[in-house]
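Visitor: Below is the structure I would like to discuss, written out as structure tokens.
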Amino acid sequence: MPQAAFPDAADDRAPPTLRERLRIETRQDHEALDALFDGMLEDESDRRYRGFVAMNLLAHRAIEPRLVGALAEAGWQPGDRLEAAERDARALGLEAAEPPPFPLAPLAVPAAFGVAYVLEGSRLGARFMLKALKAREADAPRNRLPTHYLQASGDPSPFRNLLTAMNEAGMTEDDQTLAIEAARRTFRYFRQIAATWPHDGGPRT
Ligand code: HEM
């Protein structure tokens with residue numbers, strides 16, 4: 001019997017989509033970032049939460065202007081998350097700061113999709129964090145924290161719209177590799193900020 005009559009199960013499997021590849025190939029980077037914020041919601045001093053707000057504020061400040069240029073045709077828009085992070089930072093009394101230079105410049109379209117995947121994908125985790133924070137506040141109302149950023153991140157539709165635009169962009173294998181490398185670099189950029197900011201006590205690991 002020729003082998004082709006009993007194709008390997010693997011042959012039947014559809015190749016992974018770009019989103020699947022991004023999720024799998026950035027998993028370690030995502031976990032390394034999460035680990036910096038372990039115990040964030042149990043931390044009485046709110047030190048890690050301050051670091052979380054500072055990290056997101058500075059990352060959005062550095063990245064959004066680049067994506068506006070690179071993904072205009074793909075319909076990407078920054079939304080209100082930066083402004084929300086600024087409101088949290090003010091409420092927490094965080095010092096004003098400039099982000100470190102974002103390493104991917106200039107940003108071409110395939111890489112920009114990878115960067116935007118990280119920025120918009122963070123909405124998915126934010127929903128869980130907001131829920132956990134609200135539960136904590138119900139137990140200990142005096143620990144109320146400003147949550148504008150988490151609330152502004154609660155809508156997953158910009159992430160879904162981005163995935164649709166990415167699928168319709170007709171990316172080649174090489175483009176996909178560029179997107180994945182850019183996504184990994186973006187996760188590292190977030191970690192770089194988290195290791196430094198805020199100067200008054202972020203998660204310096
Ligand atoms: C710091 C604490 C964080 C926690 C606990 C966390 C947790 C999670 C969880 C539970 C999901 C999956 C949600 C679902 O399947 O519906 C998720 C998805 C995701 N998160 Fe985070 N996250 C954190 C921070 C971040 C940050 C800061 C970024 C970006 C820099 C990020 C990027 C992503 C991305 C891209 C996805 C989507 C993965 C996919 O394709 O499904 N996360 N996160």
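Going by the structure tokens order, chains are called A, B, ..., each with residues numbered from 1, while ligands are numbered from 1 in the order shown.
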Can I get the residues close to ligand 1 as a PyMOL selection string, where close means within 6 Å and we count only C-alpha atoms and all ligand atoms?

Guide: chain A and resi 19+23+34+37+117-119+121-122+124-125+187+190

Visitor: Please produce a file of those selected residues containing N, CA and C atoms, as an mmCIF file, in the first residue's frame.

Guide:
```cif
data_model
loop_
_atom_site.group_PDB
_atom_site.id
_atom_site.type_symbol
_atom_site.label_atom_id
_atom_site.label_comp_id
_atom_site.auth_asym_id
_atom_site.auth_seq_id
_atom_site.Cartn_x
_atom_site.Cartn_y
_atom_site.Cartn_z
ATOM 1 N N ARG A 19 -1.686 34.154 14.229
ATOM 2 C CA ARG A 19 -2.008 34.411 15.639
ATOM 3 C C ARG A 19 -1.513 33.255 16.513
ATOM 4 N N ARG A 23 1.206 33.552 19.455
ATOM 5 C CA ARG A 23 0.927 33.165 20.842
ATOM 6 C C ARG A 23 1.969 32.162 21.342
ATOM 7 N N ASP A 34 4.973 38.524 32.910
ATOM 8 C CA ASP A 34 4.000 38.265 33.997
ATOM 9 C C ASP A 34 4.710 38.049 35.331
ATOM 10 N N PHE A 37 5.267 40.673 37.778
ATOM 11 C CA PHE A 37 4.114 41.246 38.487
ATOM 12 C C PHE A 37 3.405 40.220 39.351
ATOM 13 N N TYR A 117 0.241 43.467 17.966
ATOM 14 C CA TYR A 117 -0.281 42.235 18.593
ATOM 15 C C TYR A 117 -0.013 42.255 20.100
ATOM 16 N N VAL A 118 1.174 42.673 20.485
ATOM 17 C CA VAL A 118 1.531 42.697 21.908
ATOM 18 C C VAL A 118 0.717 43.769 22.640
ATOM 19 N N LEU A 119 0.693 44.960 22.031
ATOM 20 C CA LEU A 119 -0.014 46.070 22.679
ATOM 21 C C LEU A 119 -1.512 45.758 22.846
ATOM 22 N N GLY A 121 -3.017 42.738 22.467
ATOM 23 C CA GLY A 121 -3.255 41.463 23.154
ATOM 24 C C GLY A 121 -3.291 41.631 24.656
ATOM 25 N N SER A 122 -2.605 42.655 25.153
ATOM 26 C CA SER A 122 -2.563 42.855 26.610
ATOM 27 C C SER A 122 -3.957 43.157 27.151
ATOM 28 N N LEU A 124 -6.416 41.267 26.788
ATOM 29 C CA LEU A 124 -7.017 39.997 27.228
ATOM 30 C C LEU A 124 -6.716 39.733 28.699
ATOM 31 N N GLY A 125 -5.475 39.982 29.098
ATOM 32 C CA GLY A 125 -5.111 39.775 30.498
ATOM 33 C C GLY A 125 -5.706 40.849 31.408
ATOM 34 N N PHE A 187 7.838 42.646 23.742
ATOM 35 C CA PHE A 187 7.732 42.122 25.113
ATOM 36 C C PHE A 187 8.985 42.489 25.909
ATOM 37 N N PHE A 190 8.888 46.077 27.063
ATOM 38 C CA PHE A 190 8.066 46.239 28.268
ATOM 39 C C PHE A 190 8.870 45.840 29.510
#
```

Visitor: Using only C-alpha atoms, which protein or nucleic acid residues come within 9 Å of Pro100 in chain A? Drop anything in the same chain fewer than 3 positions from it, and give the result as a tab-separated table (two decimals) with N, CA and C atoms, in the first residue's frame.

Guide:
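Now in selection-v1.tsv:
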```tsv
chain	number	residue	atom	x	y	z
A	58	LEU	N	4.48	54.33	29.81
A	58	LEU	CA	5.66	54.66	29.00
A	58	LEU	C	5.68	53.86	27.69
A	59	ALA	N	5.25	52.61	27.75
A	59	ALA	CA	5.25	51.80	26.52
A	59	ALA	C	4.24	52.35	25.51
A	62	ALA	N	5.60	55.50	23.90
A	62	ALA	CA	6.65	55.30	22.90
A	62	ALA	C	6.13	54.61	21.64
A	103	PRO	N	13.15	50.30	20.27
A	103	PRO	CA	14.25	49.87	19.40
A	103	PRO	C	13.86	49.63	17.94
A	189	TYR	N	10.91	45.00	25.44
A	189	TYR	CA	10.88	46.45	25.71
A	189	TYR	C	10.03	46.74	26.96
A	192	GLN	N	12.07	45.83	29.86
A	192	GLN	CA	13.12	46.84	30.08
A	192	GLN	C	12.56	48.02	30.89
A	193	ILE	N	11.37	48.47	30.55
A	193	ILE	CA	10.78	49.59	31.28
A	193	ILE	C	10.45	49.15	32.71
```

Visitor: Mind checking which residues fall within 12 Å of Glu83 in chain A, counting only C-alpha atoms, ignoring those fewer than 3 positions away in the same chain, and posting them as a list of chain:residue names?

Guide: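 The residues that qualify are A:Val53, A:Asn56, A:Leu57, A:Leu58, A:His60, A:Arg61, A:Glu64, A:Pro78, A:Gly79, A:Asp80, A:Glu86, A:Arg87, A:Asp88, A:Ala89, A:Arg90, A:His148, A:Tyr149, A:Leu150, A:Gln151, A:Ala152, A:Ser153.
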
Visitor: Store the residues of this selection in a file with C-alpha atoms, as an mmCIF file, in the first residue's frame.

Guide:
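Final output, part_2.cif:
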```cif
data_model
loop_
_atom_site.group_PDB
_atom_site.id
_atom_site.type_symbol
_atom_site.label_atom_id
_atom_site.label_comp_id
_atom_site.auth_asym_id
_atom_site.auth_seq_id
_atom_site.Cartn_x
_atom_site.Cartn_y
_atom_site.Cartn_z
ATOM 1 C CA VAL A 53 0.921 51.550 35.474
ATOM 2 C CA ASN A 56 2.108 50.632 30.374
ATOM 3 C CA LEU A 57 2.112 54.412 30.325
ATOM 4 C CA LEU A 58 5.661 54.658 29.000
ATOM 5 C CA HIS A 60 2.064 53.257 25.040
ATOM 6 C CA ARG A 61 3.715 56.672 24.879
ATOM 7 C CA GLU A 64 1.535 54.375 19.726
ATOM 8 C CA PRO A 78 -4.605 54.228 19.379
ATOM 9 C CA GLY A 79 -7.859 54.590 21.322
ATOM 10 C CA ASP A 80 -7.856 55.991 24.850
ATOM 11 C CA GLU A 86 -1.875 59.009 32.452
ATOM 12 C CA ARG A 87 -4.899 59.451 34.694
ATOM 13 C CA ASP A 88 -3.853 56.457 36.828
ATOM 14 C CA ALA A 89 -0.293 57.773 37.027
ATOM 15 C CA ARG A 90 -1.526 61.160 38.240
ATOM 16 C CA HIS A 148 -8.639 53.758 34.344
ATOM 17 C CA TYR A 149 -6.062 51.842 32.305
ATOM 18 C CA LEU A 150 -7.487 48.407 33.080
ATOM 19 C CA GLN A 151 -10.985 49.652 32.343
ATOM 20 C CA ALA A 152 -9.943 51.234 29.048
ATOM 21 C CA SER A 153 -8.311 47.901 28.164
#
```

Visitor: What separation in Å, quoted to one decimal, exists between CA of Leu107 in chain A and CA of Glu73 in chain A?

Guide: 13.8 Å

Visitor: Using Å and a single decimal, report how far CA of Asp175 in chain A sits from CA of Gly75 in chain A.

Guide: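 Interatomic distance here is 18.7 Å.
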
Visitor: Any chance you could list, as a compact mmCIF listing (two decimals) with C-alpha atoms, in the first residue's frame, the residues in range 32-158 of chain A that come up helix (DSSP H, G or I) when DSSP is run on the backbone?

Guide:
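So the final result, stored in selection.txt, reads:
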```txt
# COMPACT_ATOMS: atom_id res chain seq x y z
CA ALA A 32 8.78 36.39 31.85
CA LEU A 33 6.85 39.66 31.90
CA ASP A 34 4.00 38.26 34.00
CA ALA A 35 6.52 36.94 36.50
CA LEU A 36 7.63 40.51 37.26
CA ARG A 47 4.52 48.85 44.64
CA ARG A 48 4.00 46.43 41.76
CA TYR A 49 0.79 48.07 40.65
CA ARG A 50 2.62 51.39 40.41
CA GLY A 51 5.22 49.66 38.30
CA PHE A 52 2.51 48.16 36.12
CA VAL A 53 0.92 51.55 35.47
CA ALA A 54 4.30 53.20 34.80
CA MET A 55 5.30 50.42 32.39
CA ASN A 56 2.11 50.63 30.37
CA LEU A 57 2.11 54.41 30.33
CA LEU A 58 5.66 54.66 29.00
CA ALA A 59 5.25 51.80 26.52
CA HIS A 60 2.06 53.26 25.04
CA ARG A 61 3.71 56.67 24.88
CA ALA A 62 6.65 55.30 22.90
CA ILE A 63 4.84 52.80 20.69
CA GLU A 64 1.53 54.37 19.73
CA PRO A 65 2.97 57.18 17.54
CA ARG A 66 4.93 54.57 15.55
CA LEU A 67 1.92 52.37 14.97
CA VAL A 68 -0.24 55.29 13.88
CA GLY A 69 2.16 55.82 10.99
CA ALA A 70 2.84 52.19 10.10
CA ARG A 81 -5.52 53.69 26.77
CA LEU A 82 -2.60 56.12 26.97
CA GLU A 83 -4.81 58.84 28.37
CA ALA A 84 -6.24 56.33 30.87
CA ALA A 85 -2.74 55.32 32.00
CA GLU A 86 -1.87 59.01 32.45
CA ARG A 87 -4.90 59.45 34.69
CA ASP A 88 -3.85 56.46 36.83
CA ALA A 89 -0.29 57.77 37.03
CA ARG A 90 -1.53 61.16 38.24
CA ALA A 91 -3.79 59.53 40.82
CA LEU A 92 -0.85 57.44 42.07
CA VAL A 109 4.15 46.98 8.19
CA PRO A 110 4.97 43.31 8.99
CA ALA A 111 6.91 44.23 12.14
CA ALA A 112 4.24 46.78 13.10
CA PHE A 113 1.66 43.99 13.16
CA GLY A 114 3.82 42.09 15.66
CA VAL A 115 4.22 45.16 17.86
CA ALA A 116 0.47 45.88 17.74
CA TYR A 117 -0.28 42.24 18.59
CA VAL A 118 1.53 42.70 21.91
CA LEU A 119 -0.01 46.07 22.68
CA GLU A 120 -3.57 45.02 21.84
CA GLY A 121 -3.26 41.46 23.15
CA SER A 122 -2.56 42.86 26.61
CA ARG A 123 -6.29 43.69 26.71
CA LEU A 124 -7.02 40.00 27.23
CA GLY A 125 -5.11 39.77 30.50
CA ALA A 126 -6.35 43.20 31.66
CA ARG A 127 -9.89 41.89 31.94
CA PHE A 128 -8.80 39.23 34.43
CA MET A 129 -6.73 41.70 36.39
CA LEU A 130 -9.57 44.16 36.74
CA LYS A 131 -11.85 41.43 38.01
CA ALA A 132 -9.27 40.30 40.57
CA LEU A 133 -8.68 43.87 41.70
CA LYS A 134 -12.38 44.49 42.21
CA ALA A 135 -12.62 41.31 44.29
CA ARG A 136 -9.70 42.49 46.42
CA GLU A 137 -11.37 45.87 46.94
CA ALA A 138 -14.56 44.21 48.05
CA ASP A 139 -12.50 42.51 50.80
CA PRO A 141 -12.10 48.77 50.50
CA ARG A 142 -9.34 51.02 51.85
CA ASN A 143 -6.94 49.67 49.23
CA HIS A 148 -8.64 53.76 34.34
CA TYR A 149 -6.06 51.84 32.30
CA LEU A 150 -7.49 48.41 33.08
CA GLN A 151 -10.99 49.65 32.34
CA ALA A 152 -9.94 51.23 29.05
CA SER A 157 -12.62 44.23 19.86
CA PRO A 158 -9.54 46.27 18.82
```

Visitor: From the set A:Ala74, A:Ile24, A:Leu94, A:Asp29, which residue has the shortest atom-to-atom contact distance to Asn167 in chain A, counting only C-alpha atoms?

Guide: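 Selected residue with least distance to Asn167 in chain A: A:Ala74.
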
Visitor: Nearest to Leu178 in chain A among A:Leu71, A:Leu162, A:Ala194, A:Leu22, with distances taken over only C-alpha atoms: which residue is it?

Guide: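 Checking each of A:Leu71, A:Leu162, A:Ala194, A:Leu22 against Leu178 in chain A, counting only C-alpha atoms, the winner is A:Leu22.
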
Visitor: Tell me, in Å to one decimal, how far CA of Met40 in chain A is from CA of Arg185 in chain A.

Guide: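 Interatomic distance, CA of Met40 in chain A to CA of Arg185 in chain A: 23.8 Å.
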
Visitor: Choose the residue, out of A:Ile180, A:Leu104, A:Ala195, A:Ala97, that has the smallest atom-to-atom separation from Arg27 in chain A; count only C-alpha atoms.

Guide: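 The answer is A:Ile180, which sits nearest to Arg27 in chain A.
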